[in-house]
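Notes for the one structure printed next.
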Amino acid sequence: MTATTDPTTTDHATSDEHVSPPPVRLALTPANAPPGLLDGAWWPRSRDLFRELPALTARLDVCWGRITRVTVNPTHWPVIPRKVPVAGHTVGVGWFSKEQDPHKLILLSYTADRGRWDLLVIPPETTAASADRLMSAAAVPGSLLTVSMLMDDEHRIRDAAEDRGRTAEWDAEGGAAPPLGHSTGLRASATLER
């Protein structure tokens with residue numbers, strides 16, 4: 001999949017229209033925690049990077065220093081703006097189709113101690129329960145779980161819950177087979193007596 005850029009992004013940046021962004025749904029590893037493969041998770045409300053990134057980067061500017069660049073994989077982002085305005089500065093946006101996991105966001109900064117952070121991006125349509133599990137798992141200090149591992153684990157959990165739900169519904173509707181040895185109109189022991 002190739003990334004697209006929105007030719008109207010400069011129009012957004014100069015617009016007089018000021019809409020306050022919704023609160024950022026974010027979980028971060030604690031400061032000074034042992035490094036791991038991820039620095040936390042972000043659960044955006046939409047797949048609109050131009051709308052979602054300003055609130056995220058403004059929030060992270062406070063924690064990590066001024067964010068200057070963000071990279072994504074274009075798989076889940078229909079439009080990738082080249083630049084996004086953030087309180088007092090502009091953040092460059094880039095993409096990597098093959099080199100970056102589709103569920104990862106990389107943030108870059110010119111801070112003295114550290115200049116890169118990796119976040120799990122939780123799909124906007126994810127249920128609150130799934131997002132909570134993913135955010136908690138991605139924020140574990142020193143974790144060696146990759147974005148793909150976390151997403152695969154969550155898919156298995158969700159699929160198992162759906163299977164249990166379907167089985168319970170089927171049983172409630174009378175679809176369960178009678179237990180072995182249970183009378184079905186024929187004597188179960190008839191074949192054993194011969």
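Scheme for the structure tokens: letters A, B, ... for chains in order shown; per-chain residue numbers from 1; ligand numbers from 1 in order shown.
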Determine which residues of region 13-135 of chain A receive a DSSP assignment of alpha helix (DSSP H), computed from the backbone, and state them as a ChimeraX atom specification.
-> /A:13-14,49-64,128-135
Could you tell me, as an NGL selection string, which residues of region 27-167 of chain A DSSP assigns to strand (DSSP E) when given the backbone?
-> :A and (27-28 or 40-42 or 67-72 or 83-86 or 89-95 or 104-109 or 116-121)
Selection to disk with C-alpha atoms, as an mmCIF file, in the first residue's frame:
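Below is the file result.cif, written as the result:
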data_model
loop_
_atom_site.group_PDB
_atom_site.id
_atom_site.type_symbol
_atom_site.label_atom_id
_atom_site.label_comp_id
_atom_site.auth_asym_id
_atom_site.auth_seq_id
_atom_site.Cartn_x
_atom_site.Cartn_y
_atom_site.Cartn_z
ATOM 1 C CA ALA A 27 -0.319 4.975 28.451
ATOM 2 C CA LEU A 28 3.435 5.466 28.921
ATOM 3 C CA GLY A 40 3.712 2.830 25.763
ATOM 4 C CA ALA A 41 0.532 2.874 23.696
ATOM 5 C CA TRP A 42 -1.707 5.421 22.012
ATOM 6 C CA ILE A 67 8.593 16.168 19.203
ATOM 7 C CA THR A 68 9.953 17.086 15.775
ATOM 8 C CA ARG A 69 9.099 14.091 13.606
ATOM 9 C CA VAL A 70 6.663 11.166 13.583
ATOM 10 C CA THR A 71 6.709 8.084 11.371
ATOM 11 C CA VAL A 72 3.912 5.616 10.675
ATOM 12 C CA LYS A 83 3.443 18.314 8.364
ATOM 13 C CA VAL A 84 1.150 18.824 11.336
ATOM 14 C CA PRO A 85 0.951 22.080 13.315
ATOM 15 C CA VAL A 86 1.415 21.661 17.061
ATOM 16 C CA HIS A 89 5.883 24.427 16.074
ATOM 17 C CA THR A 90 5.420 21.978 13.221
ATOM 18 C CA VAL A 91 5.908 18.208 13.370
ATOM 19 C CA GLY A 92 7.103 16.432 10.240
ATOM 20 C CA VAL A 93 5.323 13.199 9.363
ATOM 21 C CA GLY A 94 6.870 10.365 7.374
ATOM 22 C CA TRP A 95 6.107 6.759 6.618
ATOM 23 C CA LYS A 104 3.648 1.252 15.583
ATOM 24 C CA LEU A 105 4.209 4.998 15.802
ATOM 25 C CA ILE A 106 7.757 6.306 16.115
ATOM 26 C CA LEU A 107 8.319 9.758 17.616
ATOM 27 C CA LEU A 108 11.581 11.649 17.282
ATOM 28 C CA SER A 109 12.887 14.571 19.323
ATOM 29 C CA ARG A 116 13.247 8.208 19.936
ATOM 30 C CA TRP A 117 10.122 6.632 21.386
ATOM 31 C CA ASP A 118 8.037 3.779 20.010
ATOM 32 C CA LEU A 119 4.328 3.511 20.746
ATOM 33 C CA LEU A 120 1.811 0.795 20.004
ATOM 34 C CA VAL A 121 -1.065 2.312 18.027
#
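Nearest-residue note for Ala87 (chain A): choosing from A:Arg158, A:Leu56, A:Asn73, A:Thr167, the minimum distance belongs to A:Leu56, counting only C-alpha atoms.
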Rank nothing, just name the residue among A:Arg166, A:Thr126, A:Ser143, A:Ser148 nearest to Leu38 (chain A), using only C-alpha atoms.
-> A:Ser143
Excluding same-chain residues fewer than 2 positions from Gly65 (chain A), what lies within 9 Å of it counting only C-alpha atoms, as a VMD selection string?
-> chain A and resid 60 to 63 67 109 to 111 115
For the residues in that selection, give me all heavy atoms as an mmCIF file, in the first residue's frame.
data_model
loop_
_atom_site.group_PDB
_atom_site.id
_atom_site.type_symbol
_atom_site.label_atom_id
_atom_site.label_comp_id
_atom_site.auth_asym_id
_atom_site.auth_seq_id
_atom_site.Cartn_x
_atom_site.Cartn_y
_atom_site.Cartn_z
ATOM 1 N N LEU A 60 3.051 14.910 24.516
ATOM 2 C CA LEU A 60 4.368 14.303 24.680
ATOM 3 C C LEU A 60 5.485 15.339 24.737
ATOM 4 O O LEU A 60 6.540 15.075 25.314
ATOM 5 C CB LEU A 60 4.618 13.282 23.563
ATOM 6 C CG LEU A 60 3.700 12.063 23.632
ATOM 7 C CD1 LEU A 60 3.933 11.151 22.441
ATOM 8 C CD2 LEU A 60 3.866 11.307 24.937
ATOM 9 N N ASP A 61 5.271 16.507 24.149
ATOM 10 C CA ASP A 61 6.259 17.587 24.262
ATOM 11 C C ASP A 61 6.542 17.881 25.733
ATOM 12 O O ASP A 61 7.681 18.160 26.113
ATOM 13 C CB ASP A 61 5.743 18.870 23.593
ATOM 14 C CG ASP A 61 5.914 18.870 22.081
ATOM 15 O OD1 ASP A 61 6.503 17.926 21.531
ATOM 16 O OD2 ASP A 61 5.432 19.833 21.449
ATOM 17 N N VAL A 62 5.524 17.804 26.565
ATOM 18 C CA VAL A 62 5.659 18.078 28.000
ATOM 19 C C VAL A 62 6.509 16.998 28.674
ATOM 20 O O VAL A 62 7.354 17.290 29.520
ATOM 21 C CB VAL A 62 4.264 18.154 28.667
ATOM 22 C CG1 VAL A 62 4.373 18.291 30.172
ATOM 23 C CG2 VAL A 62 3.458 19.283 28.066
ATOM 24 N N CYS A 63 6.305 15.748 28.289
ATOM 25 C CA CYS A 63 7.011 14.628 28.916
ATOM 26 C C CYS A 63 8.413 14.414 28.357
ATOM 27 O O CYS A 63 9.342 14.124 29.109
ATOM 28 C CB CYS A 63 6.249 13.323 28.679
ATOM 29 S SG CYS A 63 4.570 13.287 29.235
ATOM 30 N N ILE A 67 8.631 17.195 20.242
ATOM 31 C CA ILE A 67 8.593 16.168 19.203
ATOM 32 C C ILE A 67 8.746 16.878 17.862
ATOM 33 O O ILE A 67 8.028 17.836 17.568
ATOM 34 C CB ILE A 67 7.263 15.375 19.244
ATOM 35 C CG1 ILE A 67 7.066 14.715 20.619
ATOM 36 C CG2 ILE A 67 7.201 14.347 18.116
ATOM 37 C CD1 ILE A 67 8.094 13.708 21.025
ATOM 38 N N SER A 109 12.711 13.294 18.649
ATOM 39 C CA SER A 109 12.887 14.571 19.323
ATOM 40 C C SER A 109 14.373 14.879 19.395
ATOM 41 O O SER A 109 15.204 13.979 19.268
ATOM 42 C CB SER A 109 12.298 14.486 20.734
ATOM 43 O OG SER A 109 12.564 15.650 21.453
ATOM 44 N N TYR A 110 14.700 16.145 19.629
ATOM 45 C CA TYR A 110 16.095 16.537 19.776
ATOM 46 C C TYR A 110 16.460 16.681 21.242
ATOM 47 O O TYR A 110 17.138 17.616 21.632
ATOM 48 C CB TYR A 110 16.361 17.854 19.051
ATOM 49 C CG TYR A 110 16.237 17.753 17.558
ATOM 50 C CD1 TYR A 110 15.343 18.561 16.874
ATOM 51 C CD2 TYR A 110 17.001 16.849 16.835
ATOM 52 C CE1 TYR A 110 15.226 18.475 15.498
ATOM 53 C CE2 TYR A 110 16.872 16.748 15.462
ATOM 54 C CZ TYR A 110 15.995 17.569 14.801
ATOM 55 O OH TYR A 110 15.874 17.471 13.449
ATOM 56 N N THR A 111 16.030 15.778 22.082
ATOM 57 C CA THR A 111 16.355 15.871 23.502
ATOM 58 C C THR A 111 17.767 15.349 23.750
ATOM 59 O O THR A 111 18.282 14.534 22.984
ATOM 60 C CB THR A 111 15.366 15.079 24.365
ATOM 61 O OG1 THR A 111 15.427 13.704 23.992
ATOM 62 C CG2 THR A 111 13.958 15.596 24.198
ATOM 63 N N GLY A 115 16.212 10.366 22.045
ATOM 64 C CA GLY A 115 15.569 11.050 20.941
ATOM 65 C C GLY A 115 14.528 10.255 20.193
ATOM 66 O O GLY A 115 13.983 10.722 19.204
#
